[in-house]
>>> print(open('input_11.txt').read())   # compact mmCIF, C-alpha atoms and all ligand atoms
# COMPACT_ATOMS: atom_id res chain seq x y z
CA MET A 14 8.38 -13.87 -17.94
CA LEU A 15 11.10 -14.66 -15.42
CA ILE A 16 11.62 -12.01 -12.77
CA GLN A 17 14.06 -11.88 -9.88
CA LEU A 18 13.21 -10.36 -6.50
CA THR A 19 15.99 -9.79 -3.99
CA TYR A 20 15.34 -8.64 -0.44
CA ALA A 21 17.22 -8.33 2.82
CA SER A 22 15.73 -8.69 6.30
CA ARG A 23 16.86 -9.01 9.90
CA THR A 24 16.38 -12.05 12.11
CA ALA A 25 13.69 -11.29 14.68
CA ALA A 26 15.62 -13.09 17.43
CA ILE A 27 18.68 -15.26 17.72
CA LEU A 28 17.87 -18.24 15.51
CA GLY A 29 19.11 -21.69 16.41
CA PRO A 30 20.12 -24.46 14.00
CA GLY A 31 16.59 -25.91 14.29
CA ASP A 32 15.01 -22.65 13.09
CA VAL A 33 17.36 -22.43 10.13
CA LYS A 34 16.83 -26.10 9.28
CA ASP A 35 13.04 -25.58 9.37
CA ILE A 36 13.26 -22.60 6.98
CA LEU A 37 15.55 -24.52 4.60
CA GLN A 38 13.34 -27.62 4.62
CA SER A 39 10.17 -25.61 3.89
CA SER A 40 11.95 -23.66 1.19
CA ALA A 41 13.41 -26.70 -0.54
CA ARG A 42 10.07 -28.54 -0.49
CA ASN A 43 7.77 -25.66 -1.47
CA ASN A 44 10.06 -23.91 -3.95
CA GLN A 45 10.78 -27.07 -5.88
CA SER A 46 7.11 -27.94 -6.25
CA ALA A 47 6.28 -24.31 -7.24
CA GLY A 48 9.20 -24.14 -9.70
CA ILE A 49 10.81 -21.26 -7.80
CA THR A 50 14.59 -20.95 -7.85
CA GLY A 51 16.97 -18.58 -6.10
CA ALA A 52 19.23 -18.45 -3.10
CA LEU A 53 19.05 -17.74 0.63
CA CYS A 54 21.95 -16.51 2.75
CA LEU A 55 22.11 -15.79 6.48
CA SER A 56 25.05 -13.95 8.01
CA ASN A 57 25.35 -11.86 11.17
CA GLY A 58 21.58 -11.73 11.66
CA ILE A 59 20.83 -10.60 8.10
CA PHE A 60 18.92 -12.71 5.57
CA LEU A 61 19.51 -12.09 1.88
CA GLN A 62 17.22 -13.98 -0.47
CA GLN A 63 16.68 -14.01 -4.21
CA LEU A 64 13.49 -15.52 -5.65
CA GLU A 65 13.06 -16.29 -9.34
CA ARG A 66 10.01 -17.20 -11.39
CA ASP A 67 7.06 -15.37 -12.94
CA ARG A 68 5.77 -12.26 -11.14
CA THR A 69 2.63 -13.93 -9.75
CA ALA A 70 4.50 -16.83 -8.15
CA VAL A 71 7.30 -14.64 -6.76
CA ASN A 72 4.85 -12.07 -5.32
CA ALA A 73 2.77 -14.78 -3.65
CA LEU A 74 5.81 -16.35 -2.02
CA TYR A 75 7.33 -13.03 -0.96
CA HIS A 76 4.08 -12.01 0.75
CA ARG A 77 3.98 -15.35 2.58
CA ILE A 78 7.59 -14.93 3.69
CA LEU A 79 6.85 -11.35 4.84
CA LYS A 80 4.35 -12.70 7.40
CA ASP A 81 6.99 -14.98 8.96
CA SER A 82 7.73 -13.81 12.51
CA ARG A 83 11.28 -15.22 12.37
CA HIS A 84 12.42 -12.09 10.53
CA LYS A 85 11.59 -8.38 10.29
CA ASP A 86 12.45 -5.13 8.48
CA SER A 87 12.37 -6.68 5.03
CA ALA A 88 13.48 -4.37 2.23
CA ILE A 89 13.40 -5.14 -1.49
CA LEU A 90 16.77 -4.36 -3.06
C1 LIG A 101 14.08 -15.43 5.65
C2 LIG A 101 13.05 -16.48 5.29
C3 LIG A 101 13.04 -17.01 4.01
C4 LIG A 101 12.08 -17.96 3.66
N1 LIG A 101 12.08 -18.45 2.38
C5 LIG A 101 11.13 -19.34 2.03
C6 LIG A 101 11.08 -19.83 0.70
O1 LIG A 101 11.88 -19.49 -0.17
N2 LIG A 101 10.10 -20.73 0.41
C7 LIG A 101 9.19 -21.15 1.33
O2 LIG A 101 8.30 -21.96 0.99
N3 LIG A 101 9.22 -20.71 2.59
C8 LIG A 101 10.17 -19.82 2.97
N4 LIG A 101 10.21 -19.37 4.25
C9 LIG A 101 9.26 -19.95 5.23
C10 LIG A 101 7.88 -19.34 5.08
O3 LIG A 101 7.82 -18.09 5.73
C11 LIG A 101 6.83 -20.28 5.68
O4 LIG A 101 7.14 -20.58 7.01
C12 LIG A 101 6.74 -21.57 4.91
O5 LIG A 101 6.66 -21.33 3.52
C13 LIG A 101 5.52 -22.39 5.35
O6 LIG A 101 5.44 -23.53 4.57
P1 LIG A 101 5.20 -24.97 5.21
O7 LIG A 101 3.89 -24.86 5.94
O8 LIG A 101 5.15 -25.88 4.04
O9 LIG A 101 6.37 -25.24 6.12
C14 LIG A 101 11.15 -18.41 4.63
C15 LIG A 101 11.18 -17.87 5.92
C16 LIG A 101 12.13 -16.92 6.25
C17 LIG A 101 12.16 -16.36 7.65
>>> encode(input="input_11.txt", output="structure tokens", more="lines below")
Ligand SMILES: Cc1cc2nc3c(=O)[nH]c(=O)nc-3n(C[C@H](O)[C@H](O)[C@H](O)COP(=O)(O)O)c2cc1C
Amino acid sequence: MLIQLTYASRTAAILGPGDVKDILQSSARNNQSAGITGALCLSNGIFLQQLERDRTAVNALYHRILKDSRHKDSAIL
């Protein structure tokens, strides 16, 4: 069953274009091969991301993203 998980987090430091490009490249590559869809926004130091697929796939990805030191204070909305 398709589920959607939406969370917001804060950037851990000021991110440069290279950091954002790295996140986008990993996301595009991994999410496509895992069949995960969604969206990622970054504005004023706040990430907002929606992840869509079955619960197992979304949980696994969210827990990987949680460990990423480029952001902090994640909260599921
Ligand atoms: C806010 C944020 C959102 C991220 N979203 C994704 C994502 O949707 N998919 C993904 O694979 N990695 C995402 N990442 C990156 C992962 O934390 C991790 O660095 C990456 O999956 C490692 O994969 P790689 O070794 O293939 O680069 C995100 C990181 C941050 C900080």
>>> closest_residue(input="input_11.txt", among="A:Ile27, A:Ala70, A:Leu53, A:Ile78", to="ligand LIG 101 (chain A)", atoms="all atoms listed in the file")
A:Ile78
>>> closest_residue(input="input_11.txt", among="A:Arg42, A:Asn57, A:Ala88, A:Thr69", to="ligand LIG 101 (chain A)", atoms="all atoms listed in the file")
A:Arg42
>>> atom_distance(input="input_11.txt", atom1="atom C7 of ligand LIG 101 (chain A)", atom2="CA of Gly29 in chain A")
18.1 Å
>>> residues_near_point(input="input_11.txt", point="(13.0, -16.2, -1.0)", cutoff="8 Å", atoms="all atoms listed in the file", output="MDAnalysis selection string")
chainID A and resid 19:20 40 51:53 62:64 74:75 78
>>> residues_near_ligand(input="input_11.txt", ligand="ligand LIG 101 (chain A)", cutoff="6 Å", atoms="only C-alpha atoms and all ligand atoms", output="JSON, numbers by chain")
{"A": [36, 39, 40, 43, 44, 60, 77, 78, 81, 83, 84]}
>>> closest_residue(input="input_11.txt", among="A:Leu55, A:Ile89, A:Ala73, A:Leu79", to="Leu28 in chain A", atoms="only C-alpha atoms")
A:Leu55
>>> atom_distance(input="input_11.txt", atom1="CA of Glu65 in chain A", atom2="CA of Lys80 in chain A")
19.2 Å
>>> axis_aligned_box(input="input_11.txt", around="range 78-86 of chain A", padding_each_side="5 Å", output="JSON")
{"center_x": 8.4, "center_y": -10.2, "center_z": 8.1, "size_x": 18.1, "size_y": 20.1, "size_z": 18.8}
>>> residues_around(input="input_11.txt", residues="Gly58 in chain A", least_positions_apart="6", cutoff="9 Å", atoms="only C-alpha atoms", output="ChimeraX atom specification")
/A:22-28
>>> atom_distance(input="input_11.txt", atom1="CA of Ser82 in chain A", atom2="CA of Asp35 in chain A")
13.3 Å
>>> residues_around(input="input_11.txt", residues="Ile16 in chain A", least_positions_apart="2", cutoff="8 Å", atoms="only C-alpha atoms", output="number ranges by chain")
A: 14, 18, 65-68, 71
>>> closest_residue(input="input_11.txt", among="A:His76, A:Lys34, A:Ala21, A:Leu15", to="Thr50 in chain A", atoms="only C-alpha atoms")
A:Leu15
>>> closest_residue(input="input_11.txt", among="A:Lys85, A:Pro30, A:Leu90, A:Gln17", to="Ile49 in chain A", atoms="only C-alpha atoms")
A:Gln17
